Amino acid sequence: MTKIAKTQPLHTPLAAPTIGLVEWFQPNEHARVEKVLAELKELGVTELRTGISWADYYTPSGKDWYAWLIPTLAQQVKVLPCFLYTPPSLGKVAKTSSPPRDLKAFADFLDVIITDLGQHFEWVELWNEPNNKVEYDYTLDHSWDKFAEMIGGAAYWAKHRGKKTVLGGMSPIDPNWLQLMFDRGVMQYIDAVGIHGFPDVFDQMWEGWETNISRVREVLDRNGSKAELWITEAGFSTWQHDEFKQLQEFRNVCQAPVNKVFWYSLHDLDLERSTVGGFHVDDREYYFGLKQTDGSPKLLYRLWAENGLEGLNKFNFIQRKTDFSNQERYSVVTGGAGFVGTNLAKRLLEQGKRVLIFDNLSRTGVERNLQWLHENYGDKLEVYVGDIRDLQSVKRVMKYANEVFHFAAQVAVTTSLTGPIQDFEINARGVVNVLEAIRAQDNPPPLVFTSTNKVYGGLEDLQFLPDKTRYNPSDKNILASGISEARPLDFHSPYGCSKGAADQYVVDYARTYGIPAVVFRMSCIYGPHQYGNEDQGWVAHFAIRAIENKPISIYGDGKQVRDILFVEDLVDAFLLAQENMKDLSGQAFNIGGGVKNTTSLLELLDLIGTYRGKKVNLSFGDWRPGDQHYYVSDIRKFHEATGWYPKNSVQEGVAKLYQWLCETRGIEVSLPAPVATAVEQETDNVAVA
């Protein structure tokens with residue numbers, strides 16, 4: 001039995017490790033460096049591991065680049081420079097993973113950097129993933145003698161120059177390789193051993209941090225080494241859109257019994273660039289970032305930035321149900337942490353139903369909705385954090401569904417214009433995943449799918465007459481009743497196309513496969529639990545901006561007219577659709593406030609101004625592609641089929657939303673007594689949201 005050194009028994013936990021980040025920079029990425037520093041500040045991170053490429057240093061601009069990079073980073077964070085990559089002209093063969101012909105040249109390079117820039121860092125890391133053939137081609141150094149001589153000499157010289165040394169992180173973690181480094185005499189000059197881990201991505205037979213770390217510590221203890229143990233790179237690729245797993249693995253590594261952890265990385269890799277392993281040879285390599293390439297934050301980044309590192313521990317309700325059973329069937333609400341899904345889940349849970357929310361939590365604020373549901377209805381609430389693009393996850397949650405409400409979607413026209421492929425995959429492919437999961441059942445659960453009025457296009461063939469505050473259609477029938485389902489479909493914008501395709505897939509699966517399914521082509525929905533922005537949820541967006549005394553920008557002239565529907569009335573319609581599914585299946589219905597609940601943007605802002613006590617600060621921008629001057633739903637078809645009608649007027653509904661928004665911010669507001677009473681009843685349990 002191996003005797004464990006007394007310096008640190010394995011069962012005694014270390015203090016929580018220091019958490020840093022890893023980000024590699026290409027020469028001349030000055031703007032990205034500044035962006036990264038701003039993001040590190042937002043996250044409260046003070047340590048950064050980055051590379052100093054020996055190969056890049058000897059390019060024409062390389063020396064100047066690092067002379068700017070390292071001091072710039074060191075002004076804000078503690079830098080761990082990782083020295084790697086042989087200049088091809090100096091290698092045994094002409095590639096960056098080759099051992100150099102002159103092994104001492106690596107130490108000489110290190111000496112130059114320490115002389116010029118050593119004041120900006122305390123530690124140096126010697127190579128990166130030396131037991132990964134892509135990073136160090138050990139087939140050119142079968143016995144590791146060359147590597148040991150190169151790194152041992154560099155470590156000796158770095159210590160002579162007053163620096164502490166980190167042995168480049170093993171990937172995969174291999175205690176036998178580490179023992180070889182002891183046998184080769186390298187470790188006498190090493191102050192910290194680095195290891196890398198990518199659970200369930202590259203390390204597909206992952207046994208956990210505790211197991212891997214204990215094996216490495218055993219080697220250190222056996223050789224009497226006092227070297228610290230660092231995780232110099234850990235991460236999780238979201239290439240399968242699994243941001244929950246990234247959050248989960250980050251929380252796991254933050255509990256590892258090591259001195260430091262460096263998480264890889266802040267940004268996804270540019271899809272137009274080649275990795276060390278080749279151009280898209282392995283797509284997993286491109287999606288390790290906390291942010292996407294367009295700057296959109298993933299779930300981990302958003303929660304970390306908003307709540308701090310310690311605050312991540314409070315999100316235990318963000319989970320992934322795994323113990324599915326036919327004995328506990330449930331209502332599935334995809335996109336259930338969103339505004340509409342939260343209100344529906346609330347109603348279903350109040351009826352005593354078991355509810356499973358399927359959501360990827362990609363929208364800002366939805367974790368607050370999920371937390372509110374968990375705190376108020378946790379005994380009946382199940383959560384599966386997953387992505388609608390993942391067919392296997394969709395099948396898993398649909399297997400024991402009694403009924404399905406499919407709301408998960410990319411919801412903004414503007415986002416679809418900049419990312420049409422993502423828009424298609426979420427909206428069109430996502431609904432096919434849901435339909436296929438339902439079709440696989442012996443007894444398919446009934447589906448209510450929320451489409452959009454954008455399937456009717458821009459309505460360019462209609463004429464609208466402006467007055468002081470709004471557009472009105474010249475067609476008297478449309479003025480009296482709104483746009484009916486008889487209107488031909490005319491998809492505008494990628495969003496209109498993806499939602500329109502999804503709309504028609506649902507209708508056709510009902511017709512072709514006999515799946516019980518209904519489509520709601522919805523107008524503007526608003527109400528409590530809506531954290532709107534100018535792209536989606538504009539009623540709440542206007543109210544939020546007004547409450548926060550911020551200016552409001554609108555596109556066009558503000559006379560655009562919509563019928564708006566209070567979310568509680570929409571929930572009534574959802575439940576009626578499920579109750580009457582036998583008669584309604586295979587049909588699409590226009591759902592909104594109807595002609596009795598219309599408002600223009602200008603009129604809505606005036607109404608909000610009356611609740612606020614003063615007018616809002618307003619500015620105007622250009623019209624956007626696909627924007628409709630007028631859209632009002634003809635809701636007679638669904639009314640005749642079920643008896644449904646909206647119960648809340650525009651004034652009543654907006655007042656309820658406005659008061660809820662004020663209450664969640666701890667702001668007292670006095671609205672007309674009858675409305676205030678209704679709101680009080682509506683929001684008894686909302687103050688904790």
# chains A, B, ... in the order shown; residues from 1 in each chain; ligands from 1
$ closest_atom_pairs --of "segment 78-111 of chain A" --to "segment 273-280 of chain A" --cutoff "12 Å" --atoms "only C-alpha atoms" --output "Markdown table"
| residue | atom | partner | partner_atom | distance |
| --- | --- | --- | --- | --- |
| A:Tyr85 | CA | A:Val276 | CA | 10.4 |
| A:Lys95 | CA | A:Val276 | CA | 10.5 |
| A:Thr96 | CA | A:Val276 | CA | 9.1 |
| A:Ser97 | CA | A:Val276 | CA | 9.3 |
$ write_last_selection --atoms "N, CA and C atoms" --output "mmCIF file, in the first residue's frame"
data_model
loop_
_atom_site.group_PDB
_atom_site.id
_atom_site.type_symbol
_atom_site.label_atom_id
_atom_site.label_comp_id
_atom_site.auth_asym_id
_atom_site.auth_seq_id
_atom_site.Cartn_x
_atom_site.Cartn_y
_atom_site.Cartn_z
ATOM 1 N N TYR A 85 4.587 26.045 -28.350
ATOM 2 C CA TYR A 85 4.632 26.097 -29.811
ATOM 3 C C TYR A 85 6.003 26.470 -30.376
ATOM 4 N N LYS A 95 6.775 21.936 -37.743
ATOM 5 C CA LYS A 95 5.445 22.166 -37.186
ATOM 6 C C LYS A 95 5.578 22.586 -35.736
ATOM 7 N N THR A 96 4.540 23.279 -35.250
ATOM 8 C CA THR A 96 4.629 23.889 -33.916
ATOM 9 C C THR A 96 4.615 22.865 -32.795
ATOM 10 N N SER A 97 4.155 21.648 -33.055
ATOM 11 C CA SER A 97 4.124 20.618 -32.012
ATOM 12 C C SER A 97 5.421 19.818 -31.935
#
$ select_by_dssp --residues "segment 437-517 of chain A" --states "helix (DSSP H, G or I)" --output "VMD selection string"
chain A and resid 437 to 439 453 to 456 476 to 481 493 to 513
$ closest_atom_pairs --of "segment 413-482 of chain A" --to "segment 633-649 of chain A" --cutoff "9 Å" --atoms "only C-alpha atoms" --output "Markdown table"
| residue | atom | partner | partner_atom | distance |
| --- | --- | --- | --- | --- |
| A:Asn453 | CA | A:Ser633 | CA | 8.1 |
| A:Ile478 | CA | A:Asp634 | CA | 8.2 |
| A:Ser481 | CA | A:Asp634 | CA | 5.3 |
| A:Gly482 | CA | A:Asp634 | CA | 4.4 |
$ write_last_selection --atoms "N, CA, C and O atoms" --output "PDB file, in the first residue's frame"
ATOM      1  N   ASN A 453     -48.663  35.992 -35.548  1.00  0.00           N
ATOM      2  CA  ASN A 453     -49.348  36.714 -36.623  1.00  0.00           C
ATOM      3  C   ASN A 453     -48.410  37.070 -37.771  1.00  0.00           C
ATOM      4  O   ASN A 453     -48.855  37.474 -38.855  1.00  0.00           O
ATOM      5  N   ILE A 478     -62.326  44.358 -42.151  1.00  0.00           N
ATOM      6  CA  ILE A 478     -61.160  44.179 -41.284  1.00  0.00           C
ATOM      7  C   ILE A 478     -61.235  45.134 -40.098  1.00  0.00           C
ATOM      8  O   ILE A 478     -60.898  44.767 -38.968  1.00  0.00           O
ATOM      9  N   SER A 481     -63.680  43.484 -37.714  1.00  0.00           N
ATOM     10  CA  SER A 481     -63.446  42.145 -37.161  1.00  0.00           C
ATOM     11  C   SER A 481     -61.983  41.755 -37.014  1.00  0.00           C
ATOM     12  O   SER A 481     -61.667  40.831 -36.273  1.00  0.00           O
ATOM     13  N   GLY A 482     -61.069  42.396 -37.750  1.00  0.00           N
ATOM     14  CA  GLY A 482     -59.666  42.035 -37.702  1.00  0.00           C
ATOM     15  C   GLY A 482     -59.288  41.076 -38.810  1.00  0.00           C
ATOM     16  O   GLY A 482     -60.060  40.804 -39.735  1.00  0.00           O
TER      17      GLY A 482
END
$ residues_around --residues "Lys559 of chain A" --least-positions-apart "5" --cutoff "12 Å" --atoms "only C-alpha atoms" --output "list in words"
Phe464, Leu465, Pro466, Asp467, Lys468, Thr469, Arg470, Tyr471, Asn472, Ile554, Thr598, Thr599, Ser600, Leu601, Leu602, Glu603, Leu604, Leu605, Phe620, Trp623, Asp627, Gln628, His629, Tyr630 and Tyr631 of chain A
$ residues_around --residues "His406 of chain A" --least-positions-apart "2" --cutoff "10 Å" --atoms "only C-alpha atoms" --output "count of residues only"
22
$ select_by_dssp --residues "segment 11-45 of chain A" --states "strand (DSSP E or B)" --output "ChimeraX atom specification"
/A:18-22
$ closest_residue --among "A:Arg389, A:Arg354, A:Lys41, A:His529" --to "Phe339 of chain A" --atoms "only C-alpha atoms"
A:His529
$ atom_distance --atom1 "atom CA of Thr72 of chain A" --atom2 "atom CA of Phe109 of chain A"
20.8 Å
$ closest_residue --among "A:Asp116, A:Asp137, A:Glu228, A:Glu568" --to "Lys164 of chain A" --atoms "only C-alpha atoms"
A:Glu228
$ atom_distance --atom1 "atom CA of Cys497 of chain A" --atom2 "atom CA of Leu417 of chain A"
11.2 Å
$ atom_distance --atom1 "atom CA of Asn307 of chain A" --atom2 "atom CA of Gly44 of chain A"
10.5 Å
$ closest_residue --among "A:Phe574, A:Tyr58, A:Leu247, A:Asp282" --to "Ala345 of chain A" --atoms "only C-alpha atoms"
A:Phe574
$ closest_residue --among "A:Glu149, A:Asn590, A:Val79, A:Ala158" --to "Asp108 of chain A" --atoms "only C-alpha atoms"
A:Ala158
$ closest_residue --among "A:Trp123, A:Tyr495, A:Trp304, A:Tyr505" --to "Val432 of chain A" --atoms "only C-alpha atoms"
A:Tyr505
$ residues_around --residues "Ala480 of chain A" --least-positions-apart "3" --cutoff "7 Å" --atoms "only C-alpha atoms" --output "NGL selection string"
:A and (476-477 or 595)
$ decode --residues "segment 208-219 of chain A" --atoms "N, CA and C atoms" --output "short mmCIF file (atom, residue, chain, number, x, y, z; two decimals), in the first residue's frame"
data_model
loop_
_atom_site.label_atom_id
_atom_site.label_comp_id
_atom_site.auth_asym_id
_atom_site.auth_seq_id
_atom_site.Cartn_x
_atom_site.Cartn_y
_atom_site.Cartn_z
N GLY A 208 -14.52 11.61 -12.65
CA GLY A 208 -14.71 12.63 -11.62
C GLY A 208 -13.41 13.27 -11.19
N TRP A 209 -13.49 14.50 -10.74
CA TRP A 209 -12.28 15.23 -10.32
C TRP A 209 -11.62 14.57 -9.11
N GLU A 210 -12.40 14.14 -8.15
CA GLU A 210 -11.83 13.54 -6.94
C GLU A 210 -10.95 12.35 -7.28
N THR A 211 -11.46 11.46 -8.13
CA THR A 211 -10.70 10.26 -8.48
C THR A 211 -9.43 10.61 -9.23
N ASN A 212 -9.54 11.47 -10.22
CA ASN A 212 -8.36 11.84 -11.01
C ASN A 212 -7.32 12.57 -10.18
N ILE A 213 -7.77 13.47 -9.33
CA ILE A 213 -6.84 14.24 -8.50
C ILE A 213 -6.15 13.34 -7.48
N SER A 214 -6.88 12.39 -6.91
CA SER A 214 -6.26 11.51 -5.91
C SER A 214 -5.13 10.69 -6.53
N ARG A 215 -5.29 10.30 -7.78
CA ARG A 215 -4.24 9.53 -8.46
C ARG A 215 -2.99 10.37 -8.70
N VAL A 216 -3.21 11.63 -9.04
CA VAL A 216 -2.06 12.52 -9.24
C VAL A 216 -1.38 12.81 -7.91
N ARG A 217 -2.18 13.04 -6.87
CA ARG A 217 -1.59 13.32 -5.55
C ARG A 217 -0.78 12.13 -5.04
N GLU A 218 -1.25 10.95 -5.37
CA GLU A 218 -0.51 9.76 -4.93
C GLU A 218 0.90 9.76 -5.52
N VAL A 219 1.03 10.16 -6.78
CA VAL A 219 2.35 10.23 -7.41
C VAL A 219 3.20 11.31 -6.74
#
